[in-house]
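Okay, my_file14.cif now, which holds mmCIF, C-alpha atoms and all ligand atoms:
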```cif
data_model
#
loop_
_atom_site.label_atom_id
_atom_site.label_comp_id
_atom_site.auth_asym_id
_atom_site.auth_seq_id
_atom_site.Cartn_x
_atom_site.Cartn_y
_atom_site.Cartn_z
CA MET B 238 0.00 0.00 0.00
CA LYS B 239 2.83 2.35 0.99
CA THR B 240 4.74 1.57 -2.23
CA CYS B 241 1.62 2.23 -4.26
CA TYR B 242 1.22 5.57 -2.50
CA ASN B 243 4.84 6.50 -3.22
CA VAL B 244 4.51 5.52 -6.87
CA ASN B 245 1.38 7.65 -7.13
CA ILE B 246 3.21 10.64 -5.67
CA LEU B 247 6.10 10.06 -8.06
CA ILE B 248 3.80 9.89 -11.08
CA LYS B 249 1.98 12.99 -9.93
CA GLU B 250 5.26 14.86 -9.47
CA THR B 251 6.59 13.80 -12.86
CA ILE B 252 3.38 14.86 -14.63
CA LYS B 253 3.31 18.14 -12.79
CA THR B 254 6.99 18.89 -13.49
CA PHE B 255 6.33 18.20 -17.16
CA PHE B 256 3.28 20.40 -17.49
CA TYR B 257 4.12 23.01 -14.87
CA PRO B 258 7.92 23.30 -14.97
CA ASN B 259 7.98 26.43 -12.78
CA ASN B 260 6.84 26.73 -9.19
CA THR B 261 5.95 23.06 -8.79
CA LYS B 262 7.07 22.93 -5.18
CA CYS B 263 5.92 24.99 -2.23
CA CYS B 264 8.27 27.96 -1.93
CA VAL B 265 8.27 27.61 1.86
CA CYS B 266 8.43 23.89 2.71
CA GLY B 267 9.29 22.32 -0.65
CA LYS B 268 6.23 20.02 -0.70
CA ILE B 269 4.79 19.22 -4.15
CA LEU B 270 2.02 21.68 -4.94
CA LEU B 271 -1.47 20.69 -5.98
CA LYS B 272 -2.93 22.35 -9.04
CA GLU B 273 -5.23 24.52 -6.93
CA ASP B 274 -2.38 25.74 -4.69
CA ASN B 275 -0.70 29.07 -5.17
CA ILE B 276 3.12 29.22 -4.87
CA TYR B 277 2.79 27.83 -1.33
CA CYS B 278 0.94 24.79 -0.07
CA ILE B 279 -2.21 25.10 2.03
CA ASP B 280 -0.30 24.44 5.29
CA CYS B 281 2.26 27.16 4.60
CA ASN B 282 -0.48 29.57 3.50
CA ASP B 283 -1.90 29.21 7.02
CA LYS B 284 1.52 29.69 8.61
CA LEU B 285 2.43 32.84 6.67
CA GLU B 286 1.51 35.77 8.86
CA TRP B 287 -0.88 37.53 6.46
CA ILE B 288 -1.67 41.07 7.53
CA LYS B 289 -5.41 41.69 7.47
CA ASP B 290 -6.77 45.09 6.42
CA ASN B 291 -8.38 45.69 9.82
CA ASN B 292 -5.04 45.03 11.59
CA ARG B 293 -2.81 47.14 9.40
CA CYS B 294 -1.11 50.49 10.06
CA GLU B 295 -2.80 52.92 7.67
CA LYS B 296 0.54 54.35 6.62
CA CYS B 297 3.34 51.76 6.67
CA SER B 298 1.20 48.59 6.70
CA LYS B 299 2.82 47.10 9.81
CA LYS B 300 0.59 44.66 11.70
CA ILE B 301 -1.10 46.39 14.62
CA TYR B 302 -3.99 45.61 16.90
CA GLY B 303 -6.94 47.63 15.72
CA LYS B 304 -6.98 50.48 13.21
CA GLY B 305 -4.99 53.70 12.83
CA LEU B 306 -1.25 54.24 12.90
CA CYS B 307 1.52 52.15 14.44
CA SER B 308 3.75 53.73 17.10
CA ASN B 309 6.51 54.46 14.53
CA CYS B 310 4.17 56.32 12.18
CA LYS B 311 2.64 58.25 15.07
CA ASN B 312 6.05 59.52 16.15
CA GLU B 313 7.86 60.05 12.87
CA ASN B 314 7.11 61.94 9.70
CA TYR B 315 8.15 59.47 7.01
CA SER B 316 8.51 60.82 3.49
CA PHE B 317 6.60 58.01 1.80
CA LYS B 318 2.84 58.30 1.42
CA LYS B 319 1.79 54.71 1.94
CA GLY B 320 3.26 51.23 2.13
CA TYR B 321 1.70 47.81 1.76
CA SER B 322 3.02 44.49 3.04
CA LEU B 323 1.51 41.09 2.48
CA TRP B 324 2.99 39.43 5.56
CA ASN B 325 4.69 40.15 8.81
CA TYR B 326 8.39 39.42 8.51
CA GLY B 327 8.66 36.05 10.23
CA LYS B 328 9.99 32.51 10.03
CA TYR B 329 8.02 31.53 6.92
CA SER B 330 8.15 34.73 4.88
CA LYS B 331 11.92 34.75 5.53
CA LYS B 332 12.17 31.42 3.67
CA ILE B 333 10.55 32.96 0.59
CA ILE B 334 12.99 35.89 0.63
CA SER B 335 15.90 33.52 1.06
CA LYS B 336 14.71 31.47 -1.91
CA ILE B 337 14.73 34.58 -4.08
CA LYS B 338 18.07 35.89 -2.90
CA ASN B 339 20.05 32.71 -2.33
CA GLU B 340 18.46 30.29 -4.79
CA LYS B 341 17.90 32.99 -7.43
CA HIS B 342 14.30 31.96 -7.99
CA LYS B 343 13.18 34.47 -10.63
CA GLY B 344 9.75 32.90 -11.30
CA LEU B 345 8.91 33.33 -7.63
CA CYS B 346 9.40 37.11 -7.92
CA ILE B 347 6.92 37.30 -10.81
CA SER B 348 4.40 35.19 -8.85
CA LEU B 349 4.81 37.45 -5.80
CA GLY B 350 4.11 40.48 -8.00
CA ASN B 351 0.92 38.79 -9.20
CA ILE B 352 -0.16 38.07 -5.61
CA LEU B 353 0.62 41.65 -4.61
CA TYR B 354 -1.64 42.89 -7.40
CA GLU B 355 -4.40 40.47 -6.44
CA LYS B 356 -4.31 41.66 -2.81
CA THR B 357 -4.03 45.41 -3.51
CA ASN B 358 -6.04 46.13 -6.65
CA HIS B 359 -9.08 47.16 -4.58
CA LEU B 360 -7.14 49.94 -2.84
CA ASP B 361 -7.93 53.52 -3.79
CA PHE B 362 -4.40 54.84 -3.46
CA LEU B 363 -3.23 52.68 -6.36
CA LYS B 364 -5.48 54.67 -8.69
CA GLU B 365 -3.21 57.68 -8.13
CA VAL B 366 -0.08 55.78 -9.19
CA ASP B 367 1.29 56.99 -12.55
CA LEU B 368 4.50 55.04 -12.71
CA ILE B 369 5.99 51.93 -11.12
CA LEU B 370 9.68 52.36 -10.20
CA PRO B 371 11.39 49.32 -8.70
CA VAL B 372 14.18 50.07 -6.21
CA PRO B 373 17.40 49.65 -8.21
CA ILE B 374 20.34 47.54 -7.08
CA HIS B 375 24.02 48.37 -7.60
CA LYS B 376 25.59 46.98 -10.80
CA SER B 377 28.03 44.82 -8.78
CA LYS B 378 25.08 43.12 -7.06
CA LEU B 379 23.22 42.79 -10.36
CA LYS B 380 26.26 41.00 -11.79
CA LYS B 381 26.46 38.69 -8.79
CA ARG B 382 22.74 37.84 -8.51
CA GLY B 383 21.88 38.14 -12.19
CA PHE B 384 18.60 39.99 -11.64
CA ASN B 385 16.95 42.70 -9.57
CA GLN B 386 14.24 41.06 -7.48
CA ALA B 387 12.38 44.37 -7.02
CA TYR B 388 12.15 44.76 -10.81
CA LEU B 389 10.75 41.24 -11.28
CA ILE B 390 8.19 41.67 -8.49
CA ALA B 391 7.17 44.98 -10.07
CA LYS B 392 6.96 43.22 -13.46
CA GLY B 393 4.61 40.57 -12.02
CA PHE B 394 2.47 43.39 -10.62
CA LYS B 395 2.59 45.44 -13.81
CA ASP B 396 1.53 42.51 -16.02
CA ASN B 397 -1.95 42.89 -14.51
CA THR B 398 -2.28 46.64 -15.08
CA ASP B 399 -1.81 49.31 -17.73
CA LYS B 400 0.55 51.28 -15.47
CA GLU B 401 3.99 52.04 -16.84
CA LEU B 402 7.01 50.26 -15.34
CA ARG B 403 10.43 51.95 -15.74
CA ASP B 404 13.75 50.66 -14.46
CA ASP B 405 15.90 53.10 -16.43
CA LEU B 406 15.16 56.30 -14.52
CA ILE B 407 16.90 55.75 -11.20
CA ILE B 408 20.22 54.00 -10.64
CA LYS B 409 22.09 52.99 -7.52
CA THR B 410 25.52 54.51 -7.87
CA LEU B 411 27.01 53.48 -4.54
CA SER B 412 27.16 49.99 -3.08
CA ARG B 413 26.10 50.14 0.57
CA LYS B 414 25.85 47.73 3.49
CA GLU B 415 22.68 45.62 3.50
CA GLN B 416 19.91 47.38 5.43
CA LYS B 417 18.94 44.14 7.22
CA ASN B 418 22.24 44.06 9.16
CA LEU B 419 21.95 47.63 10.45
CA SER B 420 20.28 49.28 13.41
CA LYS B 421 17.21 51.44 12.86
CA THR B 422 19.31 54.62 13.22
CA LYS B 423 22.00 53.46 10.81
CA ARG B 424 19.43 52.30 8.27
CA LYS B 425 18.19 55.87 8.01
CA THR B 426 21.53 57.23 6.80
CA ASN B 427 23.00 54.18 5.07
CA LEU B 428 21.40 54.92 1.71
CA TRP B 429 21.98 58.68 1.64
CA GLY B 430 23.45 59.64 -1.73
CA ALA B 431 23.32 56.06 -3.04
CA PHE B 432 20.70 56.70 -5.77
CA LYS B 433 20.73 59.05 -8.74
CA ILE B 434 18.18 60.06 -11.35
CA LYS B 435 19.59 58.84 -14.62
CA LYS B 436 17.14 60.30 -17.09
CA LYS B 437 14.51 62.97 -16.95
CA MET B 438 11.12 61.74 -18.05
CA LYS B 439 9.79 63.18 -21.25
ZN ZN S 501 4.47 24.36 2.16
ZN ZN S 502 3.14 52.45 10.58
#
```
Could you write out this file's structure as structure tokens?
Amino acid sequence: MKTCYNVNILIKETIKTFFYPNNTKCCVCGKILLKEDNIYCIDCNDKLEWIKDNNRCEKCSKKIYGKGLCSNCKNENYSFKKGYSLWNYGKYSKKIISKIKNEKHKGLCISLGNILYEKTNHLDFLKEVDLILPVPIHKSKLKKRGFNQAYLIAKGFKDNTDKELRDDLIIKTLSRKEQKNLSKTKRKTNLWGAFKIKKKMK
């Protein structure tokens, strides 16, 4: 019975790999995905810490209890207008980011862009967006990784809309330390002067 079960799984995996060569395994746990699954299996979908609209900071999107602003946004005047996050940064979302950065999983970036569109297209503030500008990476990092993950996520998002996506307007001219390894105070100054406008829009 067990052998039969294993053979069935093997056949299923082979068929799926043949017909769905990309994203056939859960991007969190590596389990084979069912056709109805997204890029993660049903178990990992439950484990990802999805931020619900009624528990979301109205400005930065951080998970809070109740409505309104988080303590950071109450105390600081950030220059961005609005942010949106799908998940809290935790054990499972970290695995997805690692897959993109360390395993260079480009298809995953496009799928994440699609999910981001699916979850945000009802929001009014997106109607005011004229242009999608992915955060650029330094050319040395582009050479090492082979792609800019922010561009591919933006591309996955853009494929669902008629908004314009441009990655030739801003460049990162200085290579800086990774933000994730820095304190909150250092993160604020780390990127000063690192970006330049390359072209003026016509
Ligand atoms: Zn999974
Ligand atoms: Zn906030």
What's around Cys297 of chain B at 10 Å? Count all atoms listed in the file, leave out sequence neighbours fewer than 2 positions away in its own chain, and write the answer as JSON, numbers by chain. {"B": [293, 294, 295, 299, 300, 306, 307, 309, 310, 315, 317, 318, 319, 320, 321, 322]}
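Taking all atoms listed in the file into account, Leu349 of chain B lies nearest to B:Gly393 out of the set B:Gly393, B:Gly383, B:Gly267, B:Gly327.
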Find the spatial neighbours of Lys284 of chain B, counting all atoms listed in the file, within a cut-off of 12 Å - ignore same-chain residues fewer than 2 positions away - and output them as a list in words. Val265, Cys266, Tyr277, Cys278, Ile279, Asp280, Cys281, Asn282, Glu286, Trp287, Ile288, Trp324, Asn325, Tyr326, Gly327, Lys328, Tyr329, Ser330, Lys331 and Lys332 of chain B
Which residues are near Asn291 of chain B? Cut-off 7 Å, all atoms listed in the file, ignore same chain within fewer than 2 positions. Put them as an MDAnalysis selection string. chainID B and resid 289 293 303:304
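Straight-line separation from atom CA of Arg424 of chain B to atom CA of Ile408 of chain B: 19.0 Å.
Atom CA of Asn339 of chain B is positioned 13.3 Å from atom CA of Leu379 of chain B.
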Can you pull out every residue within 6 Å of segment 365-373 of chain B, counting only C-alpha atoms, but drop anything in the same chain fewer than 6 positions away, and send it as a JSON list (two decimals) with C-alpha atoms, in the coordinates of the input?
```
[["chain", "number", "residue", "atom", "x", "y", "z"],
["B", 387, "ALA", "CA", 12.38, 44.37, -7.02],
["B", 388, "TYR", "CA", 12.15, 44.76, -10.81],
["B", 401, "GLU", "CA", 3.99, 52.04, -16.84],
["B", 402, "LEU", "CA", 7.01, 50.26, -15.34],
["B", 403, "ARG", "CA", 10.43, 51.95, -15.74],
["B", 408, "ILE", "CA", 20.22, 54.00, -10.64],
["B", 409, "LYS", "CA", 22.09, 52.99, -7.52]]
```
Enter the distance from atom CA of Lys395 of chain B to atom ZN of ligand ZN 501 (chain S), in Å, rounded to one decimal. 26.5 Å
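Here the question is which of B:Lys343, B:Lys272, B:Lys311, B:Lys423 gets nearest to ligand ZN 502 (chain S) using all atoms listed in the file, and that residue is B:Lys311.
Among the candidates B:Asn427, B:Ser420, B:Lys381, B:Lys364, the residue lying nearest to Asp399 of chain B is B:Lys364 (atoms considered: all atoms listed in the file).
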Enumerate, as a ChimeraX atom specification, the protein, DNA and RNA residues whose atoms approach (5.6, 32.9, -8.7) to within 6 Å, taking into account all atoms listed in the file and the coordinate frame of the file. /B:276,344-349
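Comparing the minimum interatomic distances between ligand ZN 502 (chain S) and each of B:Lys341, B:Lys268, B:Lys380, B:Lys296, counting all atoms listed in the file, we find that B:Lys296 sits nearest.
In terms of minimum interatomic distance to ligand ZN 502 (chain S), B:Gly305 ranks closest within B:Leu363, B:Phe432, B:Gly305, B:Lys262, counting all atoms listed in the file.
Counting all atoms listed in the file, the residue from B:Ile407, B:Ile374, B:Ile301, B:Leu285 that sits nearest to ligand ZN 501 (chain S) is B:Leu285.
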